[in-house]
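*Asks:* Here's a structure for you.
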Amino acid sequence: MDTNDLIRGAPSEPDSGYDNETSSLYTSIGSSILDYEETYGRSYHAFKRGRYPLPNDAIEQDRMIYHHQSIHTLLRRWWLSPCQPTHILDVGTGTGLWAIEVADEISNAQVTGIDLSPIQPNATPPNLFFEVMDAEDELNGFEEAFDLIHTQFMNGISIRTWQHFYKQAITSLLPGGWVENHEIDFSCLCEDAEVPPENAFGRWIKLWNDGLEKLGMTGRCNAIIMEGQLREEGFINVTVESYRVPVGAWPKDDEYKKAGSLFLEGLLSDLSGLSLKAFLDGLHWSRADLELLLLEVRRDLQKCELHCYMPLYVTGI
């Protein structure tokens, strides 16, 4: 399957090599799971309603796909741990794209993706299964089940307590198994200068994090703390690798330029969805004030005058 086909507006017919019946199988799914919350003109997950602040609709799914492709362009691999897993868990699978690509590539592996929202495509590889679960719940039924557990973009919003997650993960891993986190620190850093206070994107990032904090969440990622928590829960051979995710196509290096372009496209595709609950529920802004700010943010991002980036940390490898 061409991953570009998963972008909305470029629909594809189901791959005839995929099993539509097994791919549509979700554990414990009922009609209430599909009764999505409708607010601010967007749809949000129904299971554990209110647990996650971002939408689950087609617009948001496009953003997730762009950002997944950006990170994969930087890392060039699905995981960095020195393992050849055959039982893989993708926590917070979202659109399911990472899990689909891995299951496609490693046909002898069993891949499981879990998420609050059953938004994954119907046509998937036969060795891939999706389940509706909360990543912060007990991972019941998964004792010593996996040799690789993967997360991406879960920090502080989907997983608010890494210590608890690692405690669950170590019991769900087979002996010798690995947990690997691909997590972004949502901050506005600049390659060659200070971010000026009048820059709208820098202001948006700070306010967005302030709003998330009011909701009991964060977009910031502290890899040193995560590394320490991994060790506290009994993990060994723990390392952290850091990368810079460009915001825009400003790098000279072709791969970084492509990654930055994809990341920027993802931001621009759904700044509103990222912002709604943080600003309207967390900071109690008016919708009109938010839209004015987002106009300024889009303007500054499209100018690409600053060489902005966000840190990406790969922990657990």
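FYI, nothing fancy with the structure tokens labels: chains A, B, ... in order, residues from 1 per chain, ligands from 1 as they appear.
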Residues of region 142-247 of chain A within 10 Å of region 105-122 of chain A: nearest atom pair and distance (Å, one decimal) for each, counting only C-alpha atoms, sorted by chain and number, as JSON lines?

*Replies:*
{"residue": "A:Phe146", "atom": "CA", "partner": "A:Val111", "partner_atom": "CA", "distance": 9.1}
{"residue": "A:Leu148", "atom": "CA", "partner": "A:Val111", "partner_atom": "CA", "distance": 9.7}
{"residue": "A:Ile149", "atom": "CA", "partner": "A:Thr112", "partner_atom": "CA", "distance": 9.6}
{"residue": "A:His150", "atom": "CA", "partner": "A:Gly113", "partner_atom": "CA", "distance": 9.6}
{"residue": "A:Ser158", "atom": "CA", "partner": "A:Leu116", "partner_atom": "CA", "distance": 9.5}

*Asks:* Using N, CA and C atoms, can you write the selected residues to a file as a PDB file, in the first residue's frame?

*Replies:*
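Dumped to part.pdb:
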ATOM      1  N   PHE A 146       4.941  -9.357  24.015  1.00  0.00           N
ATOM      2  CA  PHE A 146       5.586  -8.616  22.932  1.00  0.00           C
ATOM      3  C   PHE A 146       7.100  -8.576  23.111  1.00  0.00           C
ATOM      4  N   LEU A 148       8.616  -6.014  21.207  1.00  0.00           N
ATOM      5  CA  LEU A 148       8.821  -4.584  20.967  1.00  0.00           C
ATOM      6  C   LEU A 148       7.523  -3.840  21.241  1.00  0.00           C
ATOM      7  N   ILE A 149       7.610  -2.803  22.077  1.00  0.00           N
ATOM      8  CA  ILE A 149       6.485  -1.894  22.331  1.00  0.00           C
ATOM      9  C   ILE A 149       6.916  -0.509  21.862  1.00  0.00           C
ATOM     10  N   HIS A 150       6.097   0.099  21.003  1.00  0.00           N
ATOM     11  CA  HIS A 150       6.446   1.356  20.342  1.00  0.00           C
ATOM     12  C   HIS A 150       5.416   2.427  20.648  1.00  0.00           C
ATOM     13  N   SER A 158      -1.403  11.844  25.536  1.00  0.00           N
ATOM     14  CA  SER A 158      -1.968  10.495  25.572  1.00  0.00           C
ATOM     15  C   SER A 158      -1.440   9.719  26.771  1.00  0.00           C
TER      16      SER A 158
END

*Asks:* I need the residues of region 11-165 of chain A that end up classed as strand (DSSP E or B) by DSSP on the backbone, written out as JSON, numbers by chain.

*Replies:* {"A": [26, 27, 37, 38, 39, 42, 43, 44, 87, 88, 89, 90, 91, 110, 111, 112, 113, 114, 115, 128, 129, 130, 131, 132, 146, 147, 148, 149, 150, 151, 152, 155, 159]}

*Asks:* Give me, as a ChimeraX atom specification, the residues of region 26-114 of chain A that a backbone DSSP run labels alpha helix (DSSP H).

*Replies:* /A:58-75,97-105

*Asks:* Those residues you just picked out, can you put them in a file as an mmCIF file, in the first residue's frame with N, CA and C atoms?

*Replies:*
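The new file out.cif reads:
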data_model
loop_
_atom_site.group_PDB
_atom_site.id
_atom_site.type_symbol
_atom_site.label_atom_id
_atom_site.label_comp_id
_atom_site.auth_asym_id
_atom_site.auth_seq_id
_atom_site.Cartn_x
_atom_site.Cartn_y
_atom_site.Cartn_z
ATOM 1 N N ALA A 58 -11.244 13.267 9.820
ATOM 2 C CA ALA A 58 -10.372 13.136 8.651
ATOM 3 C C ALA A 58 -9.301 14.211 8.601
ATOM 4 N N ILE A 59 -9.647 15.432 9.015
ATOM 5 C CA ILE A 59 -8.662 16.519 8.977
ATOM 6 C C ILE A 59 -7.499 16.214 9.921
ATOM 7 N N GLU A 60 -7.830 15.783 11.128
ATOM 8 C CA GLU A 60 -6.790 15.444 12.103
ATOM 9 C C GLU A 60 -5.997 14.221 11.658
ATOM 10 N N GLN A 61 -6.651 13.267 11.030
ATOM 11 C CA GLN A 61 -5.934 12.089 10.547
ATOM 12 C C GLN A 61 -4.890 12.470 9.493
ATOM 13 N N ASP A 62 -5.218 13.434 8.656
ATOM 14 C CA ASP A 62 -4.233 13.917 7.694
ATOM 15 C C ASP A 62 -3.010 14.485 8.408
ATOM 16 N N ARG A 63 -3.246 15.281 9.461
ATOM 17 C CA ARG A 63 -2.122 15.840 10.210
ATOM 18 C C ARG A 63 -1.243 14.732 10.768
ATOM 19 N N MET A 64 -1.861 13.710 11.353
ATOM 20 C CA MET A 64 -1.103 12.612 11.936
ATOM 21 C C MET A 64 -0.256 11.905 10.882
ATOM 22 N N ILE A 65 -0.820 11.751 9.682
ATOM 23 C CA ILE A 65 -0.083 11.069 8.608
ATOM 24 C C ILE A 65 1.118 11.902 8.168
ATOM 25 N N TYR A 66 0.921 13.203 7.977
ATOM 26 C CA TYR A 66 2.042 14.076 7.622
ATOM 27 C C TYR A 66 3.153 13.994 8.671
ATOM 28 N N HIS A 67 2.789 14.031 9.943
ATOM 29 C CA HIS A 67 3.798 14.043 10.992
ATOM 30 C C HIS A 67 4.474 12.683 11.129
ATOM 31 N N HIS A 68 3.727 11.609 10.915
ATOM 32 C CA HIS A 68 4.365 10.285 10.892
ATOM 33 C C HIS A 68 5.393 10.220 9.763
ATOM 34 N N GLN A 69 5.023 10.676 8.587
ATOM 35 C CA GLN A 69 5.936 10.629 7.445
ATOM 36 C C GLN A 69 7.165 11.500 7.683
ATOM 37 N N SER A 70 6.992 12.624 8.373
ATOM 38 C CA SER A 70 8.123 13.485 8.697
ATOM 39 C C SER A 70 9.126 12.753 9.581
ATOM 40 N N ILE A 71 8.630 12.105 10.635
ATOM 41 C CA ILE A 71 9.523 11.410 11.561
ATOM 42 C C ILE A 71 10.187 10.220 10.882
ATOM 43 N N HIS A 72 9.434 9.496 10.059
ATOM 44 C CA HIS A 72 10.023 8.345 9.375
ATOM 45 C C HIS A 72 11.099 8.798 8.376
ATOM 46 N N THR A 73 10.918 9.954 7.783
ATOM 47 C CA THR A 73 11.933 10.501 6.884
ATOM 48 C C THR A 73 13.230 10.779 7.637
ATOM 49 N N LEU A 74 13.125 11.266 8.884
ATOM 50 C CA LEU A 74 14.312 11.543 9.686
ATOM 51 C C LEU A 74 14.986 10.262 10.165
ATOM 52 N N LEU A 75 14.194 9.336 10.703
ATOM 53 C CA LEU A 75 14.767 8.135 11.319
ATOM 54 C C LEU A 75 15.145 7.075 10.286
ATOM 55 N N LEU A 97 -0.937 3.907 10.662
ATOM 56 C CA LEU A 97 0.011 3.900 9.557
ATOM 57 C C LEU A 97 1.325 3.215 9.911
ATOM 58 N N TRP A 98 1.903 3.533 11.090
ATOM 59 C CA TRP A 98 3.146 2.891 11.500
ATOM 60 C C TRP A 98 2.947 1.377 11.565
ATOM 61 N N ALA A 99 1.854 0.941 12.186
ATOM 62 C CA ALA A 99 1.593 -0.497 12.330
ATOM 63 C C ALA A 99 1.382 -1.163 10.974
ATOM 64 N N ILE A 100 0.697 -0.496 10.070
ATOM 65 C CA ILE A 100 0.453 -1.054 8.733
ATOM 66 C C ILE A 100 1.769 -1.237 7.989
ATOM 67 N N GLU A 101 2.622 -0.233 8.046
ATOM 68 C CA GLU A 101 3.901 -0.319 7.342
ATOM 69 C C GLU A 101 4.769 -1.444 7.903
ATOM 70 N N VAL A 102 4.789 -1.577 9.237
ATOM 71 C CA VAL A 102 5.588 -2.628 9.855
ATOM 72 C C VAL A 102 5.021 -4.010 9.514
ATOM 73 N N ALA A 103 3.700 -4.159 9.607
ATOM 74 C CA ALA A 103 3.087 -5.457 9.299
ATOM 75 C C ALA A 103 3.287 -5.833 7.835
ATOM 76 N N ASP A 104 3.255 -4.836 6.955
ATOM 77 C CA ASP A 104 3.523 -5.069 5.533
ATOM 78 C C ASP A 104 4.950 -5.569 5.312
ATOM 79 N N GLU A 105 5.885 -4.929 5.998
ATOM 80 C CA GLU A 105 7.303 -5.226 5.790
ATOM 81 C C GLU A 105 7.704 -6.555 6.413
#

*Asks:* So what do you get for CA of Cys190 (chain A) versus CA of Tyr309 (chain A), distance-wise?

*Replies:*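 Here the two named atoms are 6.1 Å from each other.
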
*Asks:* So, counting only C-alpha atoms, which residue among A:Leu207, A:Ile317, A:Val179, A:Ile224 is closest to Leu290 (chain A)?

*Replies:*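 Using only C-alpha atoms, Leu290 (chain A) sits closest to A:Leu207.
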
*Asks:* Check the smallest atom-to-atom distance from each of A:Ser275, A:Asn237, A:Ser286, A:Asn140 to Pro82 (chain A) using only C-alpha atoms, then report the winner.

*Replies:*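 Residue with the minimum atom-to-atom distance to Pro82 (chain A): A:Asn237.
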
*Asks:* From the options A:Val297, A:Leu274, A:Cys304, A:Met217, which residue's atoms come nearest to Ala249 (chain A), counting only C-alpha atoms?

*Replies:*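 Between A:Val297, A:Leu274, A:Cys304, A:Met217, the residue approaching Ala249 (chain A) most closely is A:Cys304.
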
*Asks:* Figure out the distance between CA of Ala169 (chain A) and CA of Ile33 (chain A), please, to one decimal in Å.

*Replies:*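 So the two atoms, CA of Ile33 (chain A) and CA of Ala169 (chain A), lie 25.0 Å apart.
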
*Asks:* Which is closer to Lys48 (chain A) than all the others in A:Leu294, A:Ile88, A:Leu306, A:Val132, using only C-alpha atoms?

*Replies:*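 Of all the options, A:Val132 lies closest to Lys48 (chain A).
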